[in-house]
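This is run_17.txt (compact mmCIF, C-alpha atoms).
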```txt
# COMPACT_ATOMS: atom_id res chain seq x y z
CA MET A 24 99.21 86.03 62.51
CA VAL A 25 97.10 82.99 61.63
CA GLY A 26 98.85 79.85 62.76
CA SER A 27 101.52 81.78 64.60
CA PRO A 28 102.38 81.04 68.25
CA LEU A 29 100.68 82.95 71.06
CA HIS A 30 102.16 86.29 72.01
CA PHE A 31 102.45 87.61 75.57
CA GLY A 32 103.25 91.10 76.73
CA HIS A 33 102.84 93.87 79.26
CA GLY A 34 101.76 97.40 78.52
CA GLN A 35 104.63 99.83 78.09
CA ASN A 36 103.09 102.13 80.71
CA ASP A 37 102.83 99.31 83.22
CA ARG A 38 102.99 100.89 86.68
CA HIS A 39 103.44 97.81 88.81
CA HIS A 40 106.71 96.09 89.61
CA HIS A 41 105.47 93.29 91.90
CA GLN A 42 106.47 95.29 94.98
CA GLN A 43 104.53 97.70 97.14
CA ALA A 44 105.98 100.19 99.56
CA VAL A 45 105.17 99.43 103.17
CA THR A 46 104.31 102.84 104.60
CA ALA A 47 106.73 103.62 107.42
CA GLY A 48 104.31 106.25 108.73
CA ASN A 49 101.55 103.67 109.17
CA GLU A 50 103.89 101.33 111.01
CA ARG A 51 105.01 104.16 113.28
CA ARG A 52 101.40 105.08 114.04
CA ILE A 53 100.49 101.52 115.01
CA ARG A 54 103.60 101.25 117.19
CA LEU A 55 102.64 104.43 119.06
CA VAL A 56 99.05 103.28 119.58
CA PHE A 57 100.30 99.87 120.73
CA PHE A 58 102.20 101.56 123.57
CA PHE A 59 99.13 103.67 124.39
CA THR A 60 96.89 100.62 124.52
CA ALA A 61 99.25 98.34 126.45
CA SER A 62 99.97 101.06 129.02
CA TYR A 63 96.31 101.84 129.57
CA ALA A 64 95.47 98.13 129.89
CA LEU A 65 97.95 97.99 132.78
CA ILE A 66 96.49 101.13 134.38
CA GLN A 67 92.98 99.73 134.02
CA ALA A 68 93.94 96.40 135.56
CA VAL A 69 95.53 98.12 138.58
CA GLY A 70 92.51 100.43 138.92
CA GLY A 71 90.13 97.49 138.78
CA TRP A 72 92.13 95.58 141.39
CA LEU A 73 92.28 98.56 143.79
CA SER A 74 88.58 99.37 143.42
CA GLY A 75 87.37 95.78 143.28
CA SER A 76 85.64 96.48 139.95
CA LEU A 77 85.23 93.34 137.86
CA ALA A 78 84.04 95.48 134.94
CA LEU A 79 87.33 97.37 134.81
CA ILE A 80 89.38 94.20 135.14
CA ALA A 81 87.39 92.59 132.31
CA ASP A 82 87.85 95.66 130.12
CA SER A 83 91.58 95.62 130.85
CA GLY A 84 91.61 92.13 129.34
CA HIS A 85 89.82 93.61 126.31
CA MET A 86 92.50 96.27 126.00
CA ALA A 87 95.27 93.70 126.44
CA SER A 88 93.79 91.63 123.60
CA ASP A 89 93.71 94.75 121.41
CA ALA A 90 97.36 95.42 122.26
CA ALA A 91 98.16 91.87 121.13
CA VAL A 92 96.33 92.49 117.83
CA LEU A 93 98.27 95.72 117.32
CA LEU A 94 101.49 93.80 117.94
CA LEU A 95 100.36 91.31 115.27
CA ALA A 96 99.84 94.23 112.87
CA LEU A 97 103.37 95.47 113.57
CA MET A 98 104.77 92.01 112.86
CA ALA A 99 102.83 91.95 109.57
CA TYR A 100 104.48 95.22 108.48
CA ARG A 101 107.93 93.83 109.26
CA ILE A 102 107.25 90.68 107.24
CA ALA A 103 105.70 92.63 104.35
CA ARG A 104 108.88 94.70 104.03
CA ARG A 105 110.83 91.64 102.89
CA PRO A 106 111.68 91.74 99.18
CA ALA A 107 110.14 89.39 96.64
CA ASP A 108 112.08 86.23 95.84
CA SER A 109 111.98 83.45 93.27
CA THR A 110 109.13 81.60 95.01
CA ARG A 111 107.15 84.62 96.31
CA THR A 112 107.35 86.86 93.26
CA TYR A 113 104.73 89.29 94.57
CA GLY A 114 106.52 89.64 97.88
CA PHE A 115 104.92 89.29 101.31
CA HIS A 116 102.31 92.05 101.16
CA ARG A 117 99.36 89.73 101.58
CA VAL A 118 100.59 89.08 105.10
CA ARG A 119 98.94 92.44 105.81
CA VAL A 120 95.67 91.10 104.40
CA LEU A 121 95.96 88.06 106.68
CA ALA A 122 96.58 90.38 109.63
CA ALA A 123 93.50 92.43 108.70
CA LEU A 124 91.46 89.19 108.55
CA VAL A 125 92.71 88.16 112.00
CA ASN A 126 91.89 91.64 113.31
CA GLY A 127 88.32 91.44 112.04
CA ALA A 128 87.85 87.90 113.34
CA ALA A 129 89.23 88.93 116.74
CA LEU A 130 86.74 91.81 116.87
CA LEU A 131 83.85 89.43 116.13
CA LEU A 132 85.03 87.06 118.87
CA LEU A 133 85.32 90.02 121.22
CA VAL A 134 81.74 91.05 120.41
CA ALA A 135 80.53 87.53 121.14
CA TRP A 136 82.38 87.56 124.48
CA ILE A 137 80.96 90.96 125.44
CA ILE A 138 77.39 89.86 124.69
CA TRP A 139 77.90 86.59 126.59
CA GLU A 140 79.25 88.42 129.64
CA ALA A 141 76.49 91.03 129.43
CA ILE A 142 73.76 88.38 129.39
CA GLY A 143 75.34 86.75 132.45
CA ARG A 144 75.44 90.08 134.31
CA ILE A 145 71.82 90.83 133.47
CA TYR A 146 70.75 87.60 135.19
CA VAL A 147 73.37 87.79 137.96
CA PRO A 148 74.14 91.49 138.62
CA VAL A 149 77.71 92.38 139.56
CA ALA A 150 78.37 95.26 141.94
CA VAL A 151 80.17 98.13 140.22
CA LEU A 152 81.97 100.97 142.03
CA ALA A 153 80.85 103.84 139.85
CA GLU A 154 83.31 106.55 140.96
CA PRO A 155 86.60 104.74 140.20
CA MET A 156 84.98 103.28 137.10
CA LEU A 157 84.20 106.79 135.85
CA ILE A 158 87.72 108.08 136.54
CA VAL A 159 89.42 105.19 134.72
CA ALA A 160 86.90 105.35 131.84
CA VAL A 161 87.56 109.07 131.31
CA ILE A 162 91.32 108.39 131.18
CA GLY A 163 90.62 105.60 128.71
CA LEU A 164 88.51 107.89 126.53
CA GLY A 165 91.40 110.35 126.27
CA VAL A 166 93.87 107.59 125.41
CA ASN A 167 91.56 106.11 122.76
CA ILE A 168 90.74 109.47 121.17
CA ALA A 169 94.48 110.11 120.81
CA GLY A 170 95.07 106.64 119.38
CA ALA A 171 92.15 106.88 116.92
CA TRP A 172 93.37 110.26 115.69
CA VAL A 173 96.92 108.98 115.19
CA LEU A 174 95.68 106.04 113.08
CA TRP A 175 93.04 108.06 111.20
CA SER A 176 95.74 110.45 109.97
CA GLY A 177 97.51 107.58 108.22
CA ASN A 178 96.79 105.83 104.90
CA ARG A 179 93.28 104.43 105.41
CA THR A 180 93.45 102.25 102.27
CA ASP A 181 95.85 100.00 104.21
CA GLY A 182 93.66 97.15 105.52
CA ASN A 183 96.14 96.41 108.29
CA LEU A 184 95.98 100.00 109.57
CA ARG A 185 92.21 100.04 109.17
CA GLY A 186 91.88 96.91 111.29
CA ALA A 187 93.96 98.51 114.04
CA TRP A 188 91.85 101.68 113.81
CA LEU A 189 88.65 99.66 114.18
CA HIS A 190 90.00 98.07 117.35
CA VAL A 191 90.79 101.49 118.81
CA VAL A 192 87.36 102.81 117.81
CA GLY A 193 85.84 99.81 119.57
CA ASP A 194 87.84 100.74 122.67
CA LEU A 195 86.72 104.37 122.33
CA LEU A 196 83.06 103.34 122.13
CA GLY A 197 83.65 101.09 125.13
CA SER A 198 85.04 104.05 127.09
CA ILE A 199 82.02 106.18 126.19
CA GLY A 200 79.72 103.35 127.23
CA ALA A 201 81.63 102.92 130.51
CA ILE A 202 81.35 106.65 131.24
CA ALA A 203 77.63 106.64 130.52
CA ALA A 204 77.14 103.50 132.63
CA ALA A 205 79.16 104.93 135.52
CA ILE A 206 77.18 108.19 135.51
CA GLY A 207 73.91 106.27 135.23
CA ILE A 208 74.82 103.99 138.12
CA MET A 209 75.86 106.96 140.22
CA LEU A 210 72.51 108.69 139.59
CA THR A 211 70.17 105.68 139.76
CA GLY A 212 72.03 102.81 141.42
CA TRP A 213 71.05 100.53 138.53
CA SER A 214 74.08 98.32 137.93
CA ILE A 215 72.23 96.67 135.02
CA LEU A 216 73.13 99.74 132.92
CA ASP A 217 76.69 98.41 132.62
CA PRO A 218 75.83 95.20 130.69
CA LEU A 219 73.08 96.91 128.64
CA LEU A 220 75.46 99.58 127.34
CA SER A 221 78.10 96.91 126.72
CA VAL A 222 75.70 95.14 124.35
CA LEU A 223 74.98 98.42 122.54
CA VAL A 224 78.70 99.05 122.02
CA ALA A 225 79.20 95.46 120.80
CA LEU A 226 76.47 95.87 118.18
CA LEU A 227 78.11 99.07 116.94
CA ILE A 228 81.38 97.15 116.38
CA VAL A 229 79.83 94.22 114.46
CA ARG A 230 79.23 95.97 111.15
CA SER A 231 82.76 97.34 110.78
CA ALA A 232 84.33 94.07 111.92
CA TRP A 233 82.30 92.02 109.44
CA SER A 234 83.16 94.45 106.63
CA LEU A 235 86.87 94.01 107.37
CA VAL A 236 86.57 90.20 107.40
CA ARG A 237 84.54 90.14 104.19
CA GLU A 238 86.93 92.40 102.29
CA SER A 239 89.97 90.41 103.44
CA ILE A 240 88.36 87.14 102.34
CA HIS A 241 87.48 88.66 98.95
CA ILE A 242 91.13 89.62 98.41
CA LEU A 243 92.42 86.19 99.43
CA LEU A 244 89.86 84.48 97.14
CA GLN A 245 90.88 86.82 94.30
CA VAL A 246 87.33 88.09 93.83
CA VAL A 247 86.92 90.65 91.03
CA PRO A 248 87.46 94.12 92.55
CA HIS A 249 84.43 96.26 93.35
CA GLY A 250 83.35 98.34 90.37
CA VAL A 251 84.94 96.08 87.74
CA ASP A 252 82.42 94.32 85.44
CA VAL A 253 84.23 91.53 83.59
CA ARG A 254 81.76 91.34 80.70
CA ALA A 255 81.65 95.11 80.24
CA VAL A 256 85.48 95.29 80.19
CA GLU A 257 85.73 92.59 77.51
CA GLU A 258 83.08 94.29 75.37
CA SER A 259 84.75 97.70 75.70
CA LEU A 260 88.19 96.31 74.84
CA ALA A 261 86.77 94.59 71.75
CA ARG A 262 85.61 98.01 70.50
CA LEU A 263 89.06 99.59 70.73
CA PRO A 264 90.74 100.34 67.36
CA GLY A 265 92.91 97.47 66.19
CA ILE A 266 91.26 94.83 68.42
CA GLU A 267 89.00 92.21 66.86
CA GLU A 268 88.15 90.19 69.98
CA ALA A 269 88.74 90.34 73.73
CA GLY A 270 88.07 87.70 76.38
CA HIS A 271 89.34 85.69 79.34
CA PHE A 272 89.60 88.86 81.42
CA HIS A 273 90.56 88.27 85.07
CA ALA A 274 91.23 90.89 87.74
CA TRP A 275 92.04 90.67 91.43
CA VAL A 276 93.48 92.78 94.25
CA LEU A 277 97.03 92.08 95.40
CA ALA A 278 96.83 94.15 98.59
CA ASP A 279 95.16 97.42 99.53
CA GLU A 280 94.22 99.08 96.18
CA THR A 281 96.73 97.43 93.84
CA ILE A 282 94.80 95.61 91.09
CA ILE A 283 96.30 93.01 88.76
CA ALA A 284 94.65 91.80 85.56
CA THR A 285 95.16 89.41 82.65
CA VAL A 286 93.30 89.43 79.34
CA HIS A 287 93.38 87.83 75.89
CA VAL A 288 92.90 89.93 72.75
CA SER A 289 93.04 89.27 69.01
CA PRO A 290 94.17 91.95 66.53
CA VAL A 291 92.36 93.13 63.45
CA ARG A 292 94.11 91.63 60.43
CA GLU A 293 97.25 93.51 59.36
CA VAL A 294 97.45 95.34 62.69
CA ASP A 295 100.77 94.99 64.53
CA PRO A 296 99.99 92.63 67.45
CA PHE A 297 102.78 94.13 69.54
CA SER A 298 100.93 97.44 69.65
CA LEU A 299 98.00 95.94 71.57
CA PRO A 300 99.52 95.38 75.07
CA SER A 301 100.27 99.09 75.47
CA LEU A 302 96.83 100.05 74.15
CA VAL A 303 95.02 97.67 76.51
CA SER A 304 97.16 98.59 79.51
CA SER A 305 96.56 102.32 79.00
CA TRP A 306 92.81 101.87 78.64
CA LEU A 307 92.52 99.70 81.79
CA TRP A 308 94.59 102.19 83.80
CA GLU A 309 92.51 105.13 82.60
CA HIS A 310 89.12 103.50 83.28
CA TYR A 311 89.79 101.19 86.25
CA ALA A 312 93.18 102.28 87.70
CA ILE A 313 94.53 98.75 87.14
CA ASP A 314 98.25 98.84 87.95
CA HIS A 315 99.55 95.70 86.33
CA VAL A 316 98.16 94.13 83.13
CA THR A 317 99.39 91.02 81.33
CA VAL A 318 98.04 90.86 77.77
CA GLN A 319 98.05 87.67 75.68
CA VAL A 320 97.64 88.31 71.95
CA ASP A 321 95.96 85.42 70.15
CA PRO A 322 95.58 84.77 66.40
CA PRO A 323 92.30 86.12 64.93
CA GLY A 324 89.36 83.75 65.50
CA GLN A 325 91.03 81.78 68.27
CA LEU A 326 89.04 83.41 71.07
CA ASP A 327 85.76 82.56 69.34
CA ARG A 328 86.84 78.93 69.05
CA ALA A 329 87.85 78.88 72.74
CA HIS A 330 84.35 79.99 73.77
CA GLN A 331 82.59 77.33 71.68
```
Would it be possible to restate this file's structure as structure tokens?
Amino acid sequence: MVGSPLHFGHGQNDRHHHQQAVTAGNERRIRLVFFFTASYALIQAVGGWLSGSLALIADSGHMASDAAVLLLALMAYRIARRPADSTRTYGFHRVRVLAALVNGAALLLLVAWIIWEAIGRIYVPVAVLAEPMLIVAVIGLGVNIAGAWVLWSGNRTDGNLRGAWLHVVGDLLGSIGAIAAAIGIMLTGWSILDPLLSVLVALLIVRSAWSLVRESIHILLQVVPHGVDVRAVEESLARLPGIEEAGHFHAWVLADETIIATVHVSPVREVDPFSLPSLVSSWLWEHYAIDHVTVQVDPPGQLDRAHQ
């Protein structure tokens, strides 16, 4: 091996073929919830106009924005279904990650808008007709419970679906808050309950929205997946039979839970170097569920020199 050219290879049990199946069930679920959300936004807008409730009209805008985000998620699924080509060899699946990032960012913007509006209403109270508000909010709660259940029954490792689910959960919490505010206003006449509960709901949304944004950014920046310790992997690989050295390990998430990795190894002298890719690939799948591994086999001693 000494002085020979570098060898490249993939493990024989490699489970990844640069394509991921776009789950038709997830797409169907988002399509159904999109129609739920868009229809209820229209009902809420009409109800707000007939009752003169600014709160309902504002929330209908919230629902309309969520419907637009769900439509974006549907478009992402359609794009992700396109096959890989010579310039996009991994396909279009990261479009779903971009859609999840937009979903999370939209939620954070929505939270900021809710808090801004709530502060304004605390200083300048807005009259709220509690009875029609309660009726429309109860209808909305039913619609959002149905939508959340439809999405929850899908594949929750799909960031795109998760982003849509978080939007619906935000709507569901908003409906609960609106019901509580309507009942409170009916019993006490305190219209300030509406903005106060709106702030509470917004704060409940922040954590999930930020988590979605952070995870999407980590995938796009090719951050090492959670639970994978680069140094520990290299040390463990170096202890496998037939391997003298291991280094230059890199791992990142393609989309959802599909992990890709590359690593350099050097064989023990007189060990067949072509046996190492399969060995390394099997070990990484068994311990870290890494789908796709590219192994570069270097001459003995070359990795040590590279680190000097």
Using all atoms listed in the file, pick whichever of A:Gly197, A:Gly324, A:Pro290, A:Pro248 has the shortest atom-to-atom distance to A:Asn167.
A:Gly197
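Between atom CA of A:Leu124 and atom CA of A:Leu235 lies a distance of 6.8 Å.
You can rank A:Gly212, A:Gly250, A:Gly170, A:Pro296 by their closest distance to A:Phe58 using only C-alpha atoms, and at the top of that list sits A:Gly170.
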Box time for stretch 277-286 of chain A: axis-aligned, enclosing all its listed atoms, 3 Å extra on each side; report centre and edge lengths in Å to one decimal, as AutoDock Vina command-line options.
```
--center_x 95.2 --center_y 94.2 --center_z 89.4 --size_x 9.7 --size_y 15.7 --size_z 26.2
```
For a test of reading the model, state the distance in Å between atom CA of A:Leu152 and atom CA of A:Gly207, rounded to one decimal.
11.8 Å
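Closest to A:Ile199 among A:Ser239, A:Val288, A:Ile168, A:Val173 is A:Ile168, based on all atoms listed in the file.
Minimum distance to A:Gln319 across A:Ser298, A:Ser304, A:Thr285, A:Ser234 (counting only C-alpha atoms) occurs at A:Thr285.
Take atom CA of A:Leu195 and atom CA of A:Gly127: the distance between them is 16.6 Å.
If you measure from each of A:Pro218, A:Gly193, A:Pro148, A:Gly200 to A:Arg230 using all atoms listed in the file, the closest one turns out to be A:Gly193.
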With all atoms listed in the file as the atoms that count, which of A:Ala107, A:Leu227, A:Ala278, A:Leu299 lies nearest to A:Leu130?
A:Leu227
Kindly extract all protein, DNA and RNA residues lying within 12 Å of the coordinates (93.1, 109.3, 110.7) given in the file, considering all atoms listed in the file, and supply them as a ChimeraX atom specification.
/A:48-49,52-53,168-181,184-185,187-189,191-192
Write out as number ranges by chain the residues lying within 12 Å of A:Ile142, counting all atoms listed in the file and excluding same-chain residues fewer than 2 positions away.
A: 135-140, 144-149, 215-222
